[in-house]
file run_27.cif (mmCIF, C-alpha atoms)
data_protein
#
loop_
_atom_site.label_atom_id
_atom_site.label_comp_id
_atom_site.auth_asym_id
_atom_site.auth_seq_id
_atom_site.Cartn_x
_atom_site.Cartn_y
_atom_site.Cartn_z
CA LEU A 1473 7.94 -45.21 -20.46
CA PHE A 1474 4.25 -46.03 -20.81
CA PRO A 1475 2.73 -49.50 -21.42
CA THR A 1476 0.89 -50.46 -24.59
CA ARG A 1477 -2.78 -51.15 -23.89
CA ARG A 1478 -4.14 -54.62 -24.50
CA SER A 1479 -7.61 -56.00 -23.85
CA SER A 1480 -8.00 -59.31 -22.10
CA ASP A 1481 -10.63 -61.03 -20.01
CA LEU A 1482 -7.85 -61.94 -17.59
CA ILE A 1483 -7.33 -58.31 -16.58
CA SER A 1484 -8.98 -57.47 -13.27
CA PRO A 1485 -11.67 -54.73 -13.28
CA GLN A 1486 -9.50 -52.62 -10.99
CA ALA A 1487 -6.59 -52.76 -13.42
CA LYS A 1488 -8.86 -52.05 -16.39
CA TYR A 1489 -10.18 -48.91 -14.74
CA LEU A 1490 -6.77 -47.58 -13.73
CA LEU A 1491 -5.28 -48.42 -17.12
CA ASN A 1492 -7.53 -45.74 -18.63
CA PHE A 1493 -5.38 -43.07 -17.00
CA TYR A 1494 -2.36 -44.15 -19.05
CA PRO A 1495 -2.25 -42.32 -22.42
CA LEU A 1496 -1.26 -44.19 -25.55
CA PRO A 1497 2.42 -44.04 -26.55
CA GLN A 1498 3.11 -41.26 -29.06
CA PHE A 1499 6.04 -42.97 -30.80
CA THR A 1500 8.13 -46.11 -30.71
CA ALA A 1501 11.90 -46.27 -31.03
CA PRO A 1502 13.93 -49.26 -29.78
CA SER A 1503 16.90 -47.04 -29.01
CA LEU A 1504 14.93 -44.78 -26.69
CA SER A 1505 13.93 -45.50 -23.10
CA TYR A 1506 10.72 -43.50 -23.39
CA ASN A 1507 7.73 -43.37 -25.75
CA TYR A 1508 5.67 -40.44 -24.52
CA GLN A 1509 6.29 -36.72 -24.08
CA ILE A 1510 4.14 -33.88 -22.83
CA PRO A 1511 4.93 -30.28 -21.80
CA MET A 1512 4.18 -29.61 -18.13
CA ILE A 1513 3.49 -25.94 -17.51
CA GLY A 1514 2.72 -24.69 -14.02
CA ARG A 1515 1.21 -21.38 -13.05
CA VAL A 1516 1.94 -19.15 -10.07
CA SER A 1517 -0.07 -16.05 -9.18
CA SER A 1518 0.01 -13.87 -6.10
CA ASP A 1519 -1.57 -10.77 -4.63
CA SER A 1520 -0.35 -8.61 -1.77
CA PHE A 1521 -1.54 -5.51 0.04
CA GLN A 1522 -0.10 -3.36 2.81
CA ALA A 1523 -1.52 -0.36 4.67
CA ARG A 1524 -0.29 1.76 7.57
CA VAL A 1525 -1.94 4.63 9.44
CA ASN A 1526 -0.37 6.72 12.22
CA LYS A 1527 -2.24 9.44 14.11
CA SER A 1528 -1.13 11.92 16.76
CA ILE A 1529 -4.09 12.41 19.07
CA ASN A 1530 -2.43 15.20 21.06
CA ASN A 1531 1.05 16.08 22.27
CA LYS A 1532 0.95 13.15 24.72
CA SER A 1533 -0.81 10.39 22.78
CA GLN A 1534 -0.23 8.58 19.49
CA SER A 1535 -1.96 5.66 17.87
CA GLY A 1536 -1.53 3.65 14.72
CA PHE A 1537 -2.61 0.66 12.74
CA SER A 1538 -0.93 -1.53 10.14
CA PHE A 1539 -2.28 -4.35 8.00
CA GLY A 1540 -0.64 -6.73 5.56
CA TYR A 1541 -2.21 -9.32 3.27
CA GLN A 1542 -0.74 -11.85 0.84
CA ASN A 1543 -2.34 -14.59 -1.21
CA SER A 1544 -0.57 -16.95 -3.61
CA ARG A 1545 -1.90 -19.73 -5.84
CA ASN A 1546 0.16 -22.45 -7.52
CA GLU A 1547 -1.03 -24.96 -10.10
CA ASN A 1548 1.28 -27.87 -10.90
CA PRO A 1549 0.52 -30.56 -13.52
CA ASN A 1550 2.21 -33.93 -13.81
CA ILE A 1551 2.83 -36.25 -16.75
CA PHE A 1552 -0.70 -37.68 -16.47
CA SER A 1553 -2.18 -34.15 -16.69
CA PHE A 1554 -3.31 -34.25 -13.07
CA LEU A 1555 -3.44 -30.58 -12.10
CA ASP A 1556 -2.91 -30.00 -8.36
CA SER A 1557 -3.27 -26.67 -6.58
CA ASN A 1558 -1.53 -25.12 -3.61
CA ASP A 1559 -3.12 -22.02 -2.11
CA SER A 1560 -1.65 -19.98 0.72
CA LEU A 1561 -3.26 -17.03 2.50
CA GLY A 1562 -1.72 -14.86 5.19
CA PHE A 1563 -2.53 -11.57 6.87
CA GLN A 1564 -1.44 -9.64 9.93
CA GLY A 1565 -2.93 -6.66 11.72
CA THR A 1566 -1.34 -4.56 14.46
CA ALA A 1567 -2.80 -1.66 16.47
CA PHE A 1568 -0.83 0.39 19.02
CA TYR A 1569 -1.35 3.23 21.46
CA ARG A 1570 1.53 5.27 22.93
CA ARG A 1571 1.00 7.54 25.92
CA THR A 1572 3.40 9.96 27.57
CA PHE A 1573 2.44 10.27 31.23
CA SER A 1574 5.23 12.62 32.25
CA ARG A 1575 8.72 13.64 31.23
CA GLN A 1576 10.04 10.52 32.95
CA MET A 1577 7.35 7.97 32.10
CA PHE A 1578 5.69 6.72 28.93
CA GLY A 1579 3.98 3.53 27.90
CA MET A 1580 3.22 1.51 24.75
CA PHE A 1581 0.28 -0.86 24.33
CA GLN A 1582 -0.15 -3.09 21.30
CA VAL A 1583 -2.62 -5.63 19.98
CA GLN A 1584 -1.64 -8.00 17.16
CA TYR A 1585 -3.38 -10.74 15.20
CA SER A 1586 -1.90 -12.91 12.46
CA ARG A 1587 -3.10 -15.88 10.46
CA GLN A 1588 -1.38 -18.09 7.88
CA SER A 1589 -3.07 -20.98 6.08
CA VAL A 1590 -2.01 -23.38 3.33
CA ARG A 1591 -4.47 -25.58 1.46
CA VAL A 1592 -3.25 -28.35 -0.86
CA THR A 1593 -5.87 -29.77 -3.22
CA PRO A 1594 -5.13 -32.82 -5.41
CA PHE A 1595 -6.64 -33.05 -8.88
CA PHE A 1596 -9.39 -35.55 -8.01
CA ALA A 1597 -10.24 -34.27 -4.51
CA GLY A 1598 -14.00 -33.80 -4.19
CA VAL A 1599 -14.46 -34.52 -7.93
CA THR A 1600 -14.01 -38.24 -8.74
CA ASN A 1601 -13.70 -41.16 -6.33
CA VAL A 1602 -11.26 -43.09 -8.50
CA SER A 1603 -10.58 -45.89 -6.00
CA GLY A 1604 -14.28 -46.42 -5.30
CA LEU A 1605 -15.20 -46.55 -8.98
CA ALA A 1606 -12.34 -48.97 -9.65
CA GLY A 1607 -13.52 -51.27 -6.86
CA ILE A 1608 -10.46 -50.72 -4.66
CA THR A 1609 -11.08 -50.78 -0.92
CA GLY A 1610 -8.96 -50.31 2.16
CA ASN A 1611 -7.70 -46.80 1.52
CA ASP A 1612 -9.28 -43.55 2.72
CA GLN A 1613 -12.08 -42.64 0.33
CA THR A 1614 -13.22 -39.39 1.90
CA PRO A 1615 -13.64 -36.64 -0.74
CA GLY A 1616 -10.37 -34.92 0.13
CA ASN A 1617 -8.42 -38.10 -0.60
CA TRP A 1618 -10.22 -39.16 -3.77
CA GLY A 1619 -7.92 -40.23 -6.55
CA PRO A 1620 -5.98 -43.26 -7.78
CA PRO A 1621 -3.61 -45.17 -5.52
CA ALA A 1622 0.02 -44.97 -6.54
CA LEU A 1623 1.20 -47.75 -8.87
CA THR A 1624 4.95 -48.38 -9.00
CA PHE A 1625 6.81 -50.65 -11.42
CA GLN A 1626 10.44 -51.76 -11.26
CA SER A 1627 10.87 -52.14 -15.02
CA GLY A 1628 10.77 -48.41 -15.76
CA ILE A 1629 7.09 -48.01 -16.61
CA SER A 1630 5.96 -44.64 -15.31
CA SER A 1631 4.32 -44.77 -11.91
CA LEU A 1632 0.67 -43.81 -11.88
CA ASN A 1633 0.91 -41.32 -9.09
CA ASP A 1634 -0.39 -37.99 -7.91
CA PRO A 1635 2.26 -37.16 -5.28
CA VAL A 1636 0.22 -34.36 -3.75
CA GLN A 1637 -1.78 -35.30 -0.66
CA SER A 1638 -4.80 -33.32 0.48
CA ALA A 1639 -3.89 -31.09 3.42
CA PHE A 1640 -4.94 -27.95 5.23
CA ASN A 1641 -2.56 -26.28 7.69
CA ARG A 1642 -3.44 -23.18 9.68
CA ASN A 1643 -1.43 -21.13 12.16
CA GLN A 1644 -2.90 -18.13 13.91
CA SER A 1645 -1.99 -16.06 16.94
CA ALA A 1646 -3.42 -13.15 18.92
CA ALA A 1647 -1.30 -11.14 21.33
CA PHE A 1648 -1.56 -8.15 23.65
CA THR A 1649 1.66 -6.43 24.73
CA GLY A 1650 2.16 -3.63 27.21
CA THR A 1651 5.38 -1.88 28.24
CA LEU A 1652 6.04 0.98 30.65
CA ASN A 1653 9.27 2.98 30.61
CA TYR A 1654 10.52 5.08 33.50
CA ILE A 1655 13.58 7.27 33.12
CA ARG A 1656 15.53 8.47 36.13
CA ARG A 1657 18.95 9.59 35.12
CA PRO A 1658 21.28 7.81 34.73
CA HIS A 1659 18.92 4.82 34.82
CA ASN A 1660 16.19 3.59 32.48
CA PHE A 1661 13.64 1.14 33.86
CA GLN A 1662 11.27 -0.86 31.67
CA PHE A 1663 8.36 -3.01 32.83
CA GLY A 1664 5.98 -4.99 30.71
CA GLY A 1665 4.42 -8.24 29.70
CA ASP A 1666 2.38 -9.89 27.03
CA VAL A 1667 -0.44 -12.36 26.67
CA ARG A 1668 -0.40 -14.54 23.57
CA LEU A 1669 -2.81 -17.14 22.21
CA GLN A 1670 -1.44 -19.46 19.52
CA ASP A 1671 -3.37 -21.99 17.49
CA ALA A 1672 -1.85 -24.54 15.10
CA ALA A 1673 -4.16 -26.88 13.17
CA ARG A 1674 -3.12 -29.68 10.82
CA PHE A 1675 -5.55 -31.67 8.70
CA GLY A 1676 -4.41 -34.38 6.30
CA GLN A 1677 -2.87 -37.81 5.88
CA SER A 1678 0.58 -38.74 4.68
CA ASN A 1679 -0.71 -41.45 2.30
CA GLY A 1680 -4.50 -41.37 2.17
CA ARG A 1681 -4.85 -43.06 -1.25
CA GLY A 1682 -2.38 -45.89 -0.61
CA ASN A 1683 -0.03 -47.52 -3.08
CA PHE A 1684 0.61 -50.80 -4.92
CA GLY A 1685 4.09 -51.95 -5.89
CA PHE A 1686 4.78 -54.53 -8.63
CA ASN A 1687 8.15 -56.23 -9.07
CA GLY A 1688 7.34 -59.19 -11.36
CA ALA A 1689 7.52 -61.84 -8.65
CA ALA A 1690 3.91 -62.91 -9.16
CA ALA A 1691 3.71 -63.06 -12.95
CA GLY A 1692 7.25 -62.81 -14.28
CA PHE A 1693 6.83 -59.17 -15.32
CA ASP A 1694 5.76 -56.29 -13.14
CA PHE A 1695 3.11 -54.93 -15.51
CA ALA A 1696 1.68 -58.40 -16.01
CA GLY A 1697 1.28 -58.65 -12.25
CA PHE A 1698 -0.65 -55.40 -12.32
#
call {"tool": "encode", "arguments": {"input": "run_27.cif", "output": "structure tokens"}}
result
Amino acid sequence: LFPTRRSSDLISPQAKYLLNFYPLPQFTAPSLSYNYQIPMIGRVSSDSFQARVNKSINNKSQSGFSFGYQNSRNENPNIFSFLDSNDSLGFQGTAFYRRTFSRQMFGMFQVQYSRQSVRVTPFFAGVTNVSGLAGITGNDQTPGNWGPPALTFQSGISSLNDPVQSAFNRNQSAAFTGTLNYIRRPHNFQFGGDVRLQDAARFGQSNGRGNFGFNGAAAGFDFAGF
């Protein structure tokens, strides 16, 4: 349910600016609890690639390499036609070397690197500082968190809200692994160890744009309070 626009000198400049994001009702029917409809069509696309190479150097040595890559992109609109994007990128590479030292002893050495990142971009991020232009202060107005604050109404009027928050998450790791196997019948001994470096980075806020809630206590009707 969307409100009907009315002009008045009593409306604050902040409310006037945010009211522009509400489209006009498309129809009126007293028996219906809504007056606006719009199709919301999202789009998902992805790319992936895998490669593997194994090589026998001689009768005692083998080496190989594998690589995997995947990228996906999601675009999700809401009822206000705010189009948010969610991009994820991941790849992993592994190289190994296997050496047979004798009939009883052989070893495996491996290096691995992987990286996974997810970037969430709201519709207004880096494009329009909605809060600043409306004259609203107190929320985070860095470019990644540009956009309108959430407006919530108890009467059923649709909340002006872009639920997606700007975020960038990255996980990456690098590892070296070595194992040595020694066979002496009837026993099999294995020695080894690994060194691993892991990095996890998180950038973002849970509610960078803030929110305003209206319940009608100030003006008798929630939208009038807005």
call {"tool": "closest_residue", "arguments": {"input": "run_27.cif", "among": "A:Gly1607, A:Gly1650, A:Pro1502, A:Pro1497", "to": "Arg1570 (chain A)", "atoms": "all atoms listed in the file"}}
result
A:Gly1650
call {"tool": "resolve_selection", "arguments": {"input": "run_27.cif", "expression": "the PyMOL selection byres ((chain A and resi 1641) around 9)", "output": "short mmCIF file (atom, residue, chain, number, x, y, z; two decimals) with C-alpha atoms, in the frame of the given file"}}
result
data_model
loop_
_atom_site.label_atom_id
_atom_site.label_comp_id
_atom_site.auth_asym_id
_atom_site.auth_seq_id
_atom_site.Cartn_x
_atom_site.Cartn_y
_atom_site.Cartn_z
CA GLN A 1588 -1.38 -18.09 7.88
CA SER A 1589 -3.07 -20.98 6.08
CA VAL A 1590 -2.01 -23.38 3.33
CA ARG A 1591 -4.47 -25.58 1.46
CA VAL A 1592 -3.25 -28.35 -0.86
CA ALA A 1639 -3.89 -31.09 3.42
CA PHE A 1640 -4.94 -27.95 5.23
CA ARG A 1642 -3.44 -23.18 9.68
CA ASN A 1643 -1.43 -21.13 12.16
CA ALA A 1672 -1.85 -24.54 15.10
CA ALA A 1673 -4.16 -26.88 13.17
CA ARG A 1674 -3.12 -29.68 10.82
CA PHE A 1675 -5.55 -31.67 8.70
CA GLY A 1676 -4.41 -34.38 6.30
#
call {"tool": "residues_around", "arguments": {"input": "run_27.cif", "residues": "Thr1614 (chain A)", "least_positions_apart": "3", "cutoff": "9 Å", "atoms": "only C-alpha atoms", "output": "NGL selection string"}}
result
:A and (1597-1598 or 1601 or 1617-1618 or 1680)
call {"tool": "closest_residue", "arguments": {"input": "run_27.cif", "among": "A:Ser1574, A:Gln1662, A:Asn1683, A:Ser1518", "to": "Ser1533 (chain A)", "atoms": "all atoms listed in the file"}}
result
A:Ser1574
call {"tool": "residues_near_point", "arguments": {"input": "run_27.cif", "point": "(-12.4, -50.2, -10.1)", "cutoff": "9 Å", "atoms": "only C-alpha atoms", "output": "PyMOL selection string"}}
result
chain A and resi 1484-1490+1602-1608
call {"tool": "atom_distance", "arguments": {"input": "run_27.cif", "atom1": "CA of Asn1548 (chain A)", "atom2": "CA of Gly1619 (chain A)"}}
result
16.0 Å
call {"tool": "closest_residue", "arguments": {"input": "run_27.cif", "among": "A:Thr1566, A:Ser1544, A:Thr1649, A:Ser1638", "to": "Met1580 (chain A)", "atoms": "all atoms listed in the file"}}
result
A:Thr1649
call {"tool": "build_atoms", "arguments": {"input": "run_27.cif", "residues": "region 1620-1631 of chain A", "atoms": "all heavy atoms", "output": "compact mmCIF listing (two decimals), in the frame of the given file"}}
result
# COMPACT_ATOMS: atom_id res chain seq x y z
N PRO A 1620 -6.52 -41.91 -7.61
CA PRO A 1620 -5.98 -43.26 -7.78
C PRO A 1620 -4.90 -43.56 -6.76
O PRO A 1620 -4.14 -42.66 -6.36
CB PRO A 1620 -5.40 -43.22 -9.20
CG PRO A 1620 -4.99 -41.80 -9.39
CD PRO A 1620 -6.01 -40.98 -8.64
N PRO A 1621 -4.78 -44.80 -6.32
CA PRO A 1621 -3.61 -45.17 -5.52
C PRO A 1621 -2.36 -45.14 -6.40
O PRO A 1621 -2.44 -45.22 -7.62
CB PRO A 1621 -3.94 -46.59 -5.06
CG PRO A 1621 -4.84 -47.13 -6.11
CD PRO A 1621 -5.66 -45.96 -6.59
N ALA A 1622 -1.23 -45.00 -5.78
CA ALA A 1622 0.02 -44.97 -6.54
C ALA A 1622 0.36 -46.37 -7.02
O ALA A 1622 0.29 -47.35 -6.26
CB ALA A 1622 1.15 -44.42 -5.68
N LEU A 1623 0.74 -46.49 -8.29
CA LEU A 1623 1.20 -47.75 -8.87
C LEU A 1623 2.67 -47.58 -9.22
O LEU A 1623 3.04 -46.67 -9.96
CB LEU A 1623 0.41 -48.10 -10.13
CG LEU A 1623 -1.12 -48.15 -10.02
CD1 LEU A 1623 -1.72 -48.50 -11.37
CD2 LEU A 1623 -1.56 -49.16 -8.97
N THR A 1624 3.52 -48.47 -8.71
CA THR A 1624 4.95 -48.38 -9.00
C THR A 1624 5.42 -49.67 -9.65
O THR A 1624 4.99 -50.77 -9.28
CB THR A 1624 5.76 -48.13 -7.71
OG1 THR A 1624 5.49 -49.17 -6.77
CG2 THR A 1624 5.39 -46.79 -7.10
N PHE A 1625 6.30 -49.52 -10.65
CA PHE A 1625 6.81 -50.65 -11.42
C PHE A 1625 8.35 -50.58 -11.43
O PHE A 1625 8.93 -49.51 -11.62
CB PHE A 1625 6.28 -50.62 -12.84
CG PHE A 1625 4.78 -50.59 -12.93
CD1 PHE A 1625 4.10 -49.37 -13.02
CD2 PHE A 1625 4.05 -51.76 -12.91
CE1 PHE A 1625 2.71 -49.33 -13.10
CE2 PHE A 1625 2.66 -51.73 -12.99
CZ PHE A 1625 2.00 -50.52 -13.07
N GLN A 1626 8.98 -51.73 -11.29
CA GLN A 1626 10.44 -51.76 -11.26
C GLN A 1626 11.07 -51.75 -12.64
O GLN A 1626 12.26 -51.48 -12.78
CB GLN A 1626 10.92 -53.00 -10.49
CG GLN A 1626 10.69 -52.93 -8.99
CD GLN A 1626 11.40 -54.03 -8.24
OE1 GLN A 1626 11.92 -54.97 -8.83
NE2 GLN A 1626 11.45 -53.92 -6.91
N SER A 1627 10.29 -52.02 -13.68
CA SER A 1627 10.87 -52.14 -15.02
C SER A 1627 11.08 -50.80 -15.71
O SER A 1627 11.65 -50.76 -16.80
CB SER A 1627 9.97 -53.03 -15.88
OG SER A 1627 8.70 -52.41 -16.05
N GLY A 1628 10.62 -49.71 -15.12
CA GLY A 1628 10.77 -48.41 -15.76
C GLY A 1628 9.48 -47.82 -16.27
O GLY A 1628 9.48 -46.67 -16.75
N ILE A 1629 8.38 -48.56 -16.23
CA ILE A 1629 7.09 -48.01 -16.61
C ILE A 1629 6.74 -46.89 -15.63
O ILE A 1629 6.92 -47.02 -14.42
CB ILE A 1629 6.00 -49.10 -16.60
CG1 ILE A 1629 6.30 -50.14 -17.68
CG2 ILE A 1629 4.62 -48.50 -16.82
CD1 ILE A 1629 5.35 -51.31 -17.67
N SER A 1630 6.24 -45.80 -16.16
CA SER A 1630 5.96 -44.64 -15.31
C SER A 1630 4.94 -44.99 -14.23
O SER A 1630 3.93 -45.65 -14.50
CB SER A 1630 5.44 -43.48 -16.15
OG SER A 1630 6.44 -43.01 -17.02
N SER A 1631 5.21 -44.53 -13.04
CA SER A 1631 4.32 -44.77 -11.91
C SER A 1631 3.07 -43.92 -12.04
O SER A 1631 3.16 -42.70 -12.27
CB SER A 1631 5.04 -44.45 -10.61
OG SER A 1631 4.15 -44.49 -9.52
